[in-house]
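Student: Submitted below is the structure of interest, expressed as structure tokens.
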Amino acid sequence: MELATWGRRWAIASPHTAATRAGAAAFAAGGNAIDAALAASITLAVTYPQACGIGGDLFAVVDRAGHDGGETLAVIAAGRAPAAADPDAVRREHGDRMPLRGPHPVTVPGAAAGWETLHRMGARLEWSSHFAVGTAAAFDGIPTARGLAATLADPDERPVFEADAGLRAVFYPDDAPLARGDLVFQPALGATLEAVAAGGAEALYRGPVGAAYVEGLRAAGSPITTEDLARHEPAIVPPLRAAWRGLHLSVAPPPSPGLSLLQILTLGERLGLAPDPSGPDAATWARVFLAAERDVARHLADPDRMAVHVSTLLDDGHLAALTDEVEGPLVPGRATVKPGGDTIAVVAADAEGHAVSLIQSLFNGFGAGILEPRTGIVAHDRGACFTLDAALPSCFAPGAQPPHTLLPVVVHDEDRLVGVAGTMGGYQQPQIDAQTIANAFARGADPGEAVAAPRFVVDDLPADGGVPRVAAEASVPADAVAAIEDAGFAVQRFDDLDGEVGHAHLIALHADGRLHVGSDPRADGGAMAD
């Protein structure tokens with residue numbers, strides 16, 4: 001499968017070839033971009049089970065330029081903490097940091113409700129048809145992908161996964177992790193997908209699948225209840241928008257960190273930075289990335305609990321304050337955010353005006369490290385994004401939505417849709433999107449070049465001396481790395497095309513009708529178009 005191609009009728013990219021083919025098959029069956037994105041994302045729940053699944057959350061931005069005069073909408077299918085969650089008990093057990101694994105960070109899953117919401121927004125094919133490829137892969141087996149094999153063999157994570165009976169039974173047969181190419185069978189997950197295909201998301205939220213899932217999670221120590229599942233409601237809301245270099249970017253609002261991407265690109269423009277983040281202004285771009293990341297850590301939360309309105313975080317006064325932060329001394333921080341984030345992005349578009357940027361995730365690889373054996377559902381650990389600092393709006397609380405890392409985005413010019421983008425990469429998703437979007441729409445790279453270009457990301461986890469860390473691929477120019485180090489960052493080099501800097505996908509829609517699509521070589525997927 002190609003990593004970059006183009007067509008005039010439709011285009012799709014995802015991080016797994018089977019998922020991309022499922023999306024292409026949906027187009028071939030008469031579906032539109034919504035159908036294709038659904039087929040791909042449901043297939044990924046089986047083929048990339050370390051990264052996403054029915055036990056996780058989903059965000060999307062959907063462009064329907066041909067629908068009733070045109071509209072762009074965001075879908076937020078993000079679950080909440082259980083109503084019986086006990087932050088004090090978590091503090092007694094884990095101190096001042098939310099745990100990354102186990103029952104405490106498990107929140108209500110939102111993905112299935114997100115799939116159903118998307119289907120109702122204009123899909124053409126029958127609901128059940130989108131499950132065919134994924135269900136078959138679960139029952140019949142599918143070769144273990146490179147990314148899945150790497151997660152299973154990770155020496156730091158393997159003991160966690162093997163300690164869970166559900167994960168061990170599926171992914172560690174004969175007491176060894178599945179290797180790349182080994183068939184992985186997930187019959188319990190296949191049965192769950194069959195139930196959702198037949199009965200809709202109700203099978204999870206108010207039906208027997210959910211009852212079994214809750215029973216298993218409670219046995220593992222989670223306070224989640226069937227009432228928590230039944231209360232879940234996805235939202236369809238207007239996106240956040242900001243102007244940049246004559247374009248308009250639309251992202252999902254909180255609890256998505258989309259505002260951070262808008263801050264990064266707006267700050268880069270305000271500061272007059274060269275559009276190549278790995279170019280002559282690399283050190284300042286690193287400062288911009290850090291300032292935006294710290295701002296999200298201070299403010300992003302359940303939108304009902306945010307102390308500062310999102311519009312304020314994007315107004316001129318706040319951006320001026322962030323500019324001062326960028327241009328001032330580099331202040332060592334504390335680890336207010338955590339590394340990791342195993343996620344998928346699907347981008348799809350068609351010539352009729354439908355386009356979808358879809359992100360779904362379990363957060364860390366295999367989420368909470370719990371696979372409920374009767375349903376085959378891997379529980380996500382999205383609650384790890386809460387803080388236990390009562391002074392922050394993102395503090396862990398019963399019934400609250402955690403701040404998120406999922407960031408779908410579409411790009412318009414004054415007249416039409418010009419781009420559909422998405423990435424995995426945990427807390428660094430805004431930084432990765434900023435680099436791929438700048439590559440494509442400011443530097444003129446084609447989508448394949450834009451997503452494959454060398455990149456770096458910044459996090460606020462102190463390295464030696466308490467300074468923030470930068471992860472840079474080997475091909476990031478030496479003078480850019482030297483400038484970043486001179487600015488006070490600790491730089492850690494990684495091999496080219498390393499998952500440390502995420503994997504992204506991008507569709508560019510041209511005025512002549514071409515849909516040009518690129519898929520990141522860092523993933524296990526590809527791009528297709530017709």
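Residue names in the structure tokens use chain letters A, B, ... in the order shown, residue numbers from 1 in each chain, and ligand numbers from 1 in the order shown.
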If we count only C-alpha atoms, what is near range 138-154 of chain A at a cut-off of 6 Å, once residues fewer than 5 positions away on the same chain are taken out, given as a list in words?

Tutor: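 Once the adjacent positions are removed, what remains is Pro177, Ala179, Arg180, Gly181, Asp182, Leu183, Val184, Phe185, Gln186, Pro187 and Gly190 of chain A.
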
Student: Restricting it to C-alpha atoms, dump the selection as a PDB file, in the first residue's frame.

Tutor:
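result-v3.pdb written:
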ATOM      1  CA  PRO A 177       4.429 -11.944  23.463  1.00  0.00           C
ATOM      2  CA  ALA A 179       5.691 -11.240  17.454  1.00  0.00           C
ATOM      3  CA  ARG A 180       5.192  -9.230  14.308  1.00  0.00           C
ATOM      4  CA  GLY A 181       3.257 -11.364  11.828  1.00  0.00           C
ATOM      5  CA  ASP A 182       1.849 -13.811  14.386  1.00  0.00           C
ATOM      6  CA  LEU A 183      -1.911 -14.189  14.143  1.00  0.00           C
ATOM      7  CA  VAL A 184      -3.836 -12.573  16.994  1.00  0.00           C
ATOM      8  CA  PHE A 185      -7.305 -13.928  17.745  1.00  0.00           C
ATOM      9  CA  GLN A 186      -9.876 -11.909  19.742  1.00  0.00           C
ATOM     10  CA  PRO A 187     -13.132 -13.926  19.741  1.00  0.00           C
ATOM     11  CA  GLY A 190     -15.581 -10.180  17.956  1.00  0.00           C
TER      12      GLY A 190
END

Student: Looking only at the backbone, which of the residues in range 446-483 of chain A does DSSP tag as strand (DSSP E or B), as number ranges by chain?

Tutor: A: 456-459, 469-473

Student: Can you pull out every residue within 7 Å of range 395-412 of chain A, counting only C-alpha atoms, but drop anything in the same chain fewer than 2 positions away, and send it as a PyMOL selection string?

Tutor: chain A and resi 59-61+79-85+87+247-252+255-258+300-302+357-359+382-383+385-390+392-393+414+416-422+426-427+429

Student: Can you spit out the residues from that selection as a compact mmCIF listing (two decimals), in the first residue's frame, using C-alpha atoms?

Tutor:
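Produced file again-v1.txt, reproduced below:
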# COMPACT_ATOMS: atom_id res chain seq x y z
CA PHE A 59 -13.21 12.90 18.97
CA ALA A 60 -13.91 14.00 15.42
CA VAL A 61 -14.34 17.08 13.30
CA GLY A 79 -16.55 9.49 29.02
CA ARG A 80 -16.62 10.69 32.60
CA ALA A 81 -15.23 9.44 35.88
CA PRO A 82 -17.57 7.07 37.75
CA ALA A 83 -20.04 8.77 40.05
CA ALA A 84 -18.60 6.76 42.94
CA ALA A 85 -14.99 7.73 42.23
CA PRO A 87 -10.23 10.98 44.92
CA LEU A 247 -6.50 29.95 6.43
CA HIS A 248 -8.98 28.91 9.09
CA LEU A 249 -8.34 25.95 11.36
CA SER A 250 -11.27 24.13 13.00
CA VAL A 251 -10.60 21.87 16.00
CA ALA A 252 -12.62 20.18 18.71
CA PRO A 255 -11.80 18.80 26.77
CA SER A 256 -9.79 18.41 23.53
CA PRO A 257 -6.48 20.32 23.50
CA GLY A 258 -7.34 21.80 20.10
CA LEU A 300 -7.70 22.48 30.21
CA ALA A 301 -10.39 20.45 31.95
CA ASP A 302 -14.00 19.36 31.78
CA SER A 357 -10.75 13.89 10.98
CA LEU A 358 -11.24 11.18 13.61
CA ILE A 359 -9.07 10.42 16.63
CA ARG A 382 -8.11 8.36 30.30
CA GLY A 383 -8.57 9.29 33.97
CA CYS A 385 -5.09 12.82 32.59
CA PHE A 386 -6.73 14.12 35.77
CA THR A 387 -4.54 15.73 38.38
CA LEU A 388 -4.83 15.28 42.14
CA ASP A 389 -3.96 18.95 42.68
CA ALA A 390 -7.18 20.45 44.07
CA LEU A 392 -6.44 22.95 39.21
CA PRO A 393 -9.73 22.64 37.30
CA GLU A 414 -11.94 31.59 2.39
CA ARG A 416 -13.57 25.76 0.72
CA LEU A 417 -12.09 22.88 2.67
CA VAL A 418 -8.38 22.48 1.92
CA GLY A 419 -7.08 20.04 4.55
CA VAL A 420 -7.96 17.18 6.89
CA ALA A 421 -5.31 16.28 9.48
CA GLY A 422 -4.80 14.07 12.49
CA GLY A 426 -0.25 11.91 23.46
CA TYR A 427 0.22 15.38 24.91
CA GLN A 429 -0.44 16.06 19.37

Student: Per residue of range 149-174 of chain A within 12 Å of range 94-117 of chain A, note the shortest atom pair and the distance in Å to one decimal, counting only C-alpha atoms, and order the rows by chain and increasing residue number, as a Markdown table.

Tutor:
| residue | atom | partner | partner_atom | distance |
| --- | --- | --- | --- | --- |
| A:Glu157 | CA | A:Arg101 | CA | 10.4 |
| A:Val160 | CA | A:Arg101 | CA | 8.5 |
| A:Phe161 | CA | A:Arg101 | CA | 10.1 |
| A:Ala163 | CA | A:Gly102 | CA | 10.8 |
| A:Asp164 | CA | A:Gly102 | CA | 9.7 |

Student: Using only C-alpha atoms, determine which residues lie at most 8 Å from Ala283 in chain A, disregarding the query and same-chain residues fewer than 6 positions distant; provide the list as a list in words.

Tutor: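 Near Ala283 in chain A, the qualifying residues are Ala480, Ala483, Ile484, Glu485 and Ala487 of chain A.
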
Student: Set the distance at 12 Å and use only C-alpha atoms: which residues neighbour Ala391 in chain A once local chain neighbours fewer than 6 positions away are removed? I'd like the list as a ChimeraX atom specification.

Tutor: /A:298-299,305-307

Student: Write out the residues from the selection above, keeping N, CA and C atoms, as a PDB file, in the first residue's frame.

Tutor:
ATOM      1  N   ARG A 298      -2.312  24.150  32.751  1.00  0.00           N
ATOM      2  CA  ARG A 298      -2.909  25.048  33.747  1.00  0.00           C
ATOM      3  C   ARG A 298      -4.427  25.121  33.626  1.00  0.00           C
ATOM      4  N   HIS A 299      -4.949  25.053  32.402  1.00  0.00           N
ATOM      5  CA  HIS A 299      -6.341  25.454  32.184  1.00  0.00           C
ATOM      6  C   HIS A 299      -7.279  24.377  31.662  1.00  0.00           C
ATOM      7  N   ARG A 305     -15.960  22.818  34.161  1.00  0.00           N
ATOM      8  CA  ARG A 305     -15.159  23.109  35.354  1.00  0.00           C
ATOM      9  C   ARG A 305     -13.991  24.048  35.059  1.00  0.00           C
ATOM     10  N   MET A 306     -13.818  24.450  33.798  1.00  0.00           N
ATOM     11  CA  MET A 306     -12.704  25.336  33.473  1.00  0.00           C
ATOM     12  C   MET A 306     -12.917  26.703  34.099  1.00  0.00           C
ATOM     13  N   ALA A 307     -11.881  27.203  34.757  1.00  0.00           N
ATOM     14  CA  ALA A 307     -11.977  28.504  35.424  1.00  0.00           C
ATOM     15  C   ALA A 307     -11.825  29.654  34.449  1.00  0.00           C
TER      16      ALA A 307
END

Student: When you count only C-alpha atoms, which of these residues is closest to Ala132 in chain A: A:Ile42, A:Ile370, A:Leu261, A:Ala445?

Tutor: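 Once distances to Ala132 in chain A are computed over only C-alpha atoms, the minimum belongs to A:Ile42.
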
Student: As number ranges by chain, please: the residues near His516 in chain A (cut-off 12 Å, only C-alpha atoms, same-chain neighbours under 3 positions excluded).

Tutor: A: 3-13, 347-351, 418-421, 440, 445-450, 505-513, 519, 527-530

Student: Which one is closest to Ala191 in chain A: A:Val310, A:His318, A:Ala504, A:Phe131? Count only C-alpha atoms.

Tutor: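 Using only C-alpha atoms, Ala191 in chain A sits closest to A:Phe131.
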
Student: Near Phe289 in chain A, within 8 Å and counting only C-alpha atoms, which residues show up once chain neighbours fewer than 4 positions away are dropped, as a list in words?

Tutor: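 The residues that qualify are Ile264, Trp285, Glu293, Gln431, Val457 and Val458 of chain A.
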
Student: Of the candidates A:Ala274, A:Ala482, A:Gly317, A:Val517, which one gets nearest to Gln435 in chain A if we count only C-alpha atoms?

Tutor: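 Ranked by minimum distance to Gln435 in chain A, first place goes to A:Ala274.
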